[in-house]
Amino acid sequence: MSNSKAETLAQCVSRVSEQLEAADLFYGHGTDNPWDEAVYLVFTVLGVPFDADEAQMSHELSTTQSKRLDELLTRRIEERVPVAYLVQEAWFAGLPFKVDERVLIPRSPLAELIAQRFEPLLTEAPQRILDLCTGSGCIGIATALAFEQAQVDLADISSHALSLARENVERHALQARVQVIESDLFASLQGAYSLILCNPPYVSQSEIDDLPPEYAHEPVLGLYSDEEGLAIPLQILRQAADYLREDGVLIMEVGYSHEALSERLPDMPFLWLEFDNGGEGIFALTAQQLRDAKAMLAL
Ligand SMILES: C[S@@+](CC[C@H](N)C(=O)[O-])C[C@H]1O[C@@H](n2cnc3c(N)ncnc32)[C@H](O)[C@@H]1O
């Protein structure tokens, strides 16, 4: 794939974009088109900032750089590995996170709520926050940076995911305020939180079987949930009230399982949120609403 004559950065991005376009890949792990994916791959591998100026765009690639890029491009096309895993970096809420196959690639629309500091869902800055099913830690870490006084717990059942979350906590120098806890949902958690954020697994086995090959590189523990995707979200709904302060709020993503969840709980007062940057299937419920729904959720 490499050219005998040295390519400039601009030429390289165009070529990679064309090759991606021709390969009929799936986009959805950080970008949604071949051009953005080419920029993400090339700039990250070369260590060039995304706001590169004209002079940087005319920079000629070395043979080593071209060879490295071509190796990664081949893996993207032939093995369908998402770029985030190839470059071991993903962006979420404007922040960089280390990612690899231990965790799902960050892409939750929740990032938009963090940028808005959850207004108008919260009446005051949350003191104690839980990011349940944290994976890379992206949601909890970005929220910790948005609320500088908050203590944040990152919980996940996977020790592999948590080892990476710990690296991200250190990367953002948050060890003093952010704790990493191995827990099967709420089993090892204590006390009451002002805010529980959660992007749990919510994909059924039949949906997993139909996903594009890119998803097969992600940990199945991050995707699969029994009962047509609803088993884990329902378990969280049953337990969350016991871990929220009186004025606490639960914000949870269930993606395209939102219709199945609404059908299963037609009387639940879900507040389904809307997003300017796209995405759906995220609701908010107050602690009081969850307490009032205990009988309904026991079913
Ligand atoms: C959809 S991923 C979300 C990762 C991250 N929060 C994000 O948005 O990118 C779900 C995560 O839930 C974790 N998980 C699965 N079952 C769990 C359980 N019973 N208790 C806690 N975490 C669980 C998985 O290990 C995975 O990291």
# chains A, B, ... in the order shown; residues from 1 in each chain; ligands from 1
>>> residues_around(residues="Thr134 of chain A", least_positions_apart="6", cutoff="10 Å", atoms="only C-alpha atoms", output="JSON, numbers by chain")
{"A": [103, 104, 140, 141, 153, 154, 155, 156, 157, 158, 161, 162, 165, 180, 181, 197, 198, 199, 200, 222]}
>>> residues_around(residues="segment 72-79 of chain A", least_positions_apart="2", cutoff="9 Å", atoms="only C-alpha atoms", output="ChimeraX atom specification")
/A:1,16,19-20,23-25,41,67-70,81-83,86-87,213-214
>>> select_by_dssp(residues="segment 210-265 of chain A", states="alpha helix (DSSP H)", output="list in words")
Asp210, Ala231, Ile232, Pro233, Leu234, Gln235, Ile236, Leu237, Arg238, Gln239, His258, Glu259, Ala260, Leu261, Ser262, Glu263 and Arg264 of chain A
>>> residues_around(residues="segment 269-276 of chain A", least_positions_apart="6", cutoff="10 Å", atoms="only C-alpha atoms", output="PyMOL selection string")
chain A and resi 109-113+121+251-253+258+261-262+282-286+289-290+293
>>> write_last_selection(atoms="N, CA and C atoms", output="short mmCIF file (atom, residue, chain, number, x, y, z; two decimals), in the first residue's frame")
data_model
loop_
_atom_site.label_atom_id
_atom_site.label_comp_id
_atom_site.auth_asym_id
_atom_site.auth_seq_id
_atom_site.Cartn_x
_atom_site.Cartn_y
_atom_site.Cartn_z
N PRO A 109 -23.72 8.64 24.12
CA PRO A 109 -24.22 10.03 24.00
C PRO A 109 -24.21 10.76 25.35
N LEU A 110 -23.99 10.02 26.43
CA LEU A 110 -23.89 10.65 27.76
C LEU A 110 -22.85 11.77 27.79
N ALA A 111 -21.87 11.70 26.89
CA ALA A 111 -20.83 12.74 26.85
C ALA A 111 -21.46 14.13 26.75
N GLU A 112 -22.54 14.23 25.98
CA GLU A 112 -23.20 15.53 25.78
C GLU A 112 -23.79 16.06 27.10
N LEU A 113 -24.32 15.14 27.91
CA LEU A 113 -24.89 15.56 29.20
C LEU A 113 -23.79 16.05 30.14
N LEU A 121 -31.11 18.53 34.80
CA LEU A 121 -31.51 17.34 35.57
C LEU A 121 -31.07 17.41 37.02
N ILE A 251 -29.11 8.12 35.83
CA ILE A 251 -29.14 8.37 34.38
C ILE A 251 -28.53 7.14 33.72
N MET A 252 -29.33 6.47 32.91
CA MET A 252 -28.87 5.19 32.34
C MET A 252 -29.13 5.10 30.85
N GLU A 253 -28.19 4.49 30.15
CA GLU A 253 -28.32 4.26 28.71
C GLU A 253 -28.82 2.83 28.47
N HIS A 258 -34.48 0.66 24.24
CA HIS A 258 -35.41 1.54 24.96
C HIS A 258 -36.87 1.19 24.69
N LEU A 261 -37.76 -1.82 26.78
CA LEU A 261 -37.85 -1.46 28.20
C LEU A 261 -39.17 -0.72 28.48
N SER A 262 -39.53 0.20 27.59
CA SER A 262 -40.79 0.94 27.77
C SER A 262 -41.98 0.00 27.71
N ILE A 282 -31.41 7.06 26.38
CA ILE A 282 -30.88 7.39 27.71
C ILE A 282 -32.01 8.04 28.50
N PHE A 283 -32.25 7.52 29.70
CA PHE A 283 -33.32 8.09 30.52
C PHE A 283 -32.77 8.57 31.86
N ALA A 284 -33.58 9.43 32.49
CA ALA A 284 -33.30 9.86 33.87
C ALA A 284 -34.50 9.48 34.72
N LEU A 285 -34.22 9.06 35.95
CA LEU A 285 -35.26 8.80 36.94
C LEU A 285 -34.76 9.32 38.28
N THR A 286 -35.63 9.93 39.05
CA THR A 286 -35.20 10.39 40.37
C THR A 286 -35.28 9.23 41.36
N GLN A 289 -38.84 8.56 42.24
CA GLN A 289 -39.58 7.79 41.22
C GLN A 289 -39.22 6.30 41.30
N LEU A 290 -37.94 6.01 41.55
CA LEU A 290 -37.52 4.61 41.65
C LEU A 290 -38.13 3.96 42.89
N ALA A 293 -41.67 3.11 42.39
CA ALA A 293 -41.90 2.04 41.40
C ALA A 293 -41.45 0.67 41.91
#
>>> atom_distance(atom1="atom 16 (N, counted along the ligand's line) of ligand 1", atom2="atom CA of Leu221 of chain A")
5.8 Å
>>> residues_around(residues="Gly255 of chain A", least_positions_apart="5", cutoff="8 Å", atoms="only C-alpha atoms", output="list of chain:residue names")
A:Tyr202, A:Gly279, A:Glu280, A:Gly281, A:Ile282
>>> closest_residue(among="A:Asp100, A:Glu18, A:Asp184, A:Asp292", to="ligand 1", atoms="only C-alpha atoms and all ligand atoms")
A:Asp184
>>> closest_residue(among="A:Leu211, A:Leu250, A:Leu230, A:Gln179", to="Glu263 of chain A", atoms="only C-alpha atoms")
A:Leu230
>>> atom_distance(atom1="atom CA of Leu145 of chain A", atom2="atom CA of Leu244 of chain A")
21.2 Å
>>> residues_around(residues="Phe92 of chain A", least_positions_apart="6", cutoff="8 Å", atoms="only C-alpha atoms", output="list in words")
Pro106, Arg107, Ala111, Cys138 and Ala142 of chain A
>>> write_last_selection(atoms="C-alpha atoms", output="compact mmCIF listing (two decimals), in the first residue's frame")
# COMPACT_ATOMS: atom_id res chain seq x y z
CA PRO A 106 -16.31 4.85 24.46
CA ARG A 107 -19.17 6.25 22.36
CA ALA A 111 -20.83 12.74 26.85
CA CYS A 138 -14.61 7.40 30.51
CA ALA A 142 -15.13 12.99 32.46
>>> closest_residue(among="A:Leu46, A:Ala90, A:Ala125, A:Ala295", to="Ala150 of chain A", atoms="only C-alpha atoms")
A:Ala125
>>> closest_residue(among="A:Pro212, A:Pro49, A:Pro126, A:Gly137", to="ligand 1", atoms="only C-alpha atoms and all ligand atoms")
A:Gly137
>>> residues_around(residues="Ala146 of chain A", least_positions_apart="2", cutoff="8 Å", atoms="only C-alpha atoms", output="PDB file with N, CA and C atoms, in the first residue's frame")
ATOM      1  N   ILE A 114     -22.634  15.405  30.064  1.00  0.00           N
ATOM      2  CA  ILE A 114     -21.520  15.811  30.930  1.00  0.00           C
ATOM      3  C   ILE A 114     -21.086  17.230  30.560  1.00  0.00           C
ATOM      4  N   ALA A 115     -21.000  17.493  29.248  1.00  0.00           N
ATOM      5  CA  ALA A 115     -20.604  18.837  28.790  1.00  0.00           C
ATOM      6  C   ALA A 115     -21.591  19.888  29.297  1.00  0.00           C
ATOM      7  N   ARG A 117     -23.105  19.657  32.097  1.00  0.00           N
ATOM      8  CA  ARG A 117     -23.119  19.457  33.563  1.00  0.00           C
ATOM      9  C   ARG A 117     -24.510  18.973  34.026  1.00  0.00           C
ATOM     10  N   ALA A 142     -14.705  11.714  33.057  1.00  0.00           N
ATOM     11  CA  ALA A 142     -15.129  12.992  32.459  1.00  0.00           C
ATOM     12  C   ALA A 142     -16.047  13.740  33.425  1.00  0.00           C
ATOM     13  N   THR A 143     -16.899  13.006  34.159  1.00  0.00           N
ATOM     14  CA  THR A 143     -17.796  13.670  35.119  1.00  0.00           C
ATOM     15  C   THR A 143     -17.002  14.215  36.303  1.00  0.00           C
ATOM     16  N   ALA A 144     -16.006  13.479  36.740  1.00  0.00           N
ATOM     17  CA  ALA A 144     -15.155  13.964  37.843  1.00  0.00           C
ATOM     18  C   ALA A 144     -14.472  15.274  37.439  1.00  0.00           C
ATOM     19  N   GLU A 148     -15.448  19.422  40.141  1.00  0.00           N
ATOM     20  CA  GLU A 148     -14.126  19.307  40.771  1.00  0.00           C
ATOM     21  C   GLU A 148     -14.163  18.959  42.249  1.00  0.00           C
TER      22      GLU A 148
END
>>> closest_residue(among="A:Leu195, A:Gln151, A:Leu234, A:Asp226", to="Ala176 of chain A", atoms="only C-alpha atoms")
A:Gln151
>>> atom_distance(atom1="atom 17 (C, counted along the ligand's line) of ligand 1", atom2="atom CA of Leu185 of chain A")
5.8 Å
>>> closest_residue(among="A:Gln149, A:Thr44, A:Gln127, A:Ser66", to="Ala84 of chain A", atoms="only C-alpha atoms")
A:Thr44
>>> select_by_dssp(residues="segment 5-198 of chain A", states="strand (DSSP E)", output="PyMOL selection string")
chain A and resi 89-92+95-98+128-132+151-156+178-182+193-198
>>> write_last_selection(atoms="C-alpha atoms", output="PDB file, in the first residue's frame")
ATOM      1  CA  GLU A  89      -6.785   5.797  22.138  1.00  0.00           C
ATOM      2  CA  ALA A  90     -10.371   7.054  22.080  1.00  0.00           C
ATOM      3  CA  TRP A  91     -11.860  10.502  22.656  1.00  0.00           C
ATOM      4  CA  PHE A  92     -14.861  10.992  24.907  1.00  0.00           C
ATOM      5  CA  LEU A  95     -10.843  13.970  26.555  1.00  0.00           C
ATOM      6  CA  PRO A  96      -8.381  11.244  25.524  1.00  0.00           C
ATOM      7  CA  PHE A  97      -8.655   7.766  27.059  1.00  0.00           C
ATOM      8  CA  LYS A  98      -6.480   4.700  26.688  1.00  0.00           C
ATOM      9  CA  ARG A 128     -20.805  11.600  45.388  1.00  0.00           C
ATOM     10  CA  ILE A 129     -21.085  10.007  41.930  1.00  0.00           C
ATOM     11  CA  LEU A 130     -21.134   6.393  40.754  1.00  0.00           C
ATOM     12  CA  ASP A 131     -20.212   5.291  37.236  1.00  0.00           C
ATOM     13  CA  LEU A 132     -21.625   1.762  37.222  1.00  0.00           C
ATOM     14  CA  GLN A 151     -15.889  11.965  44.846  1.00  0.00           C
ATOM     15  CA  VAL A 152     -16.422   9.414  42.088  1.00  0.00           C
ATOM     16  CA  ASP A 153     -16.596   5.600  42.212  1.00  0.00           C
ATOM     17  CA  LEU A 154     -15.949   3.598  39.047  1.00  0.00           C
ATOM     18  CA  ALA A 155     -17.424   0.091  39.335  1.00  0.00           C
ATOM     19  CA  ASP A 156     -17.238  -2.890  36.990  1.00  0.00           C
ATOM     20  CA  VAL A 178     -11.770   8.693  41.920  1.00  0.00           C
ATOM     21  CA  GLN A 179     -11.913   5.140  43.291  1.00  0.00           C
ATOM     22  CA  VAL A 180     -11.984   1.965  41.208  1.00  0.00           C
ATOM     23  CA  ILE A 181     -14.139  -0.846  42.665  1.00  0.00           C
ATOM     24  CA  GLU A 182     -14.665  -4.409  41.460  1.00  0.00           C
ATOM     25  CA  TYR A 193     -24.836   8.576  45.734  1.00  0.00           C
ATOM     26  CA  SER A 194     -26.150  11.923  44.468  1.00  0.00           C
ATOM     27  CA  LEU A 195     -25.803  10.725  40.878  1.00  0.00           C
ATOM     28  CA  ILE A 196     -25.594   7.252  39.364  1.00  0.00           C
ATOM     29  CA  LEU A 197     -24.480   7.113  35.730  1.00  0.00           C
ATOM     30  CA  CYS A 198     -24.624   3.840  33.897  1.00  0.00           C
TER      31      CYS A 198
END
>>> decode(residues="segment 180-203 of chain A", atoms="C-alpha atoms", output="PDB file, in the first residue's frame")
ATOM      1  CA  VAL A 180     -11.984   1.965  41.208  1.00  0.00           C
ATOM      2  CA  ILE A 181     -14.139  -0.846  42.665  1.00  0.00           C
ATOM      3  CA  GLU A 182     -14.665  -4.409  41.460  1.00  0.00           C
ATOM      4  CA  SER A 183     -18.359  -5.094  41.900  1.00  0.00           C
ATOM      5  CA  ASP A 184     -21.144  -7.209  40.399  1.00  0.00           C
ATOM      6  CA  LEU A 185     -23.562  -4.303  39.909  1.00  0.00           C
ATOM      7  CA  PHE A 186     -24.139  -2.883  43.437  1.00  0.00           C
ATOM      8  CA  ALA A 187     -22.887  -5.959  45.392  1.00  0.00           C
ATOM      9  CA  SER A 188     -19.637  -4.357  46.674  1.00  0.00           C
ATOM     10  CA  LEU A 189     -20.852  -0.749  46.835  1.00  0.00           C
ATOM     11  CA  GLN A 190     -21.843   1.159  49.939  1.00  0.00           C
ATOM     12  CA  GLY A 191     -23.622   4.355  50.916  1.00  0.00           C
ATOM     13  CA  ALA A 192     -25.763   6.733  48.912  1.00  0.00           C
ATOM     14  CA  TYR A 193     -24.836   8.576  45.734  1.00  0.00           C
ATOM     15  CA  SER A 194     -26.150  11.923  44.468  1.00  0.00           C
ATOM     16  CA  LEU A 195     -25.803  10.725  40.878  1.00  0.00           C
ATOM     17  CA  ILE A 196     -25.594   7.252  39.364  1.00  0.00           C
ATOM     18  CA  LEU A 197     -24.480   7.113  35.730  1.00  0.00           C
ATOM     19  CA  CYS A 198     -24.624   3.840  33.897  1.00  0.00           C
ATOM     20  CA  ASN A 199     -24.043   2.485  30.421  1.00  0.00           C
ATOM     21  CA  PRO A 200     -24.632  -1.223  31.073  1.00  0.00           C
ATOM     22  CA  PRO A 201     -24.643  -4.160  28.668  1.00  0.00           C
ATOM     23  CA  TYR A 202     -28.058  -4.204  26.926  1.00  0.00           C
ATOM     24  CA  VAL A 203     -27.638  -6.230  23.734  1.00  0.00           C
TER      25      VAL A 203
END
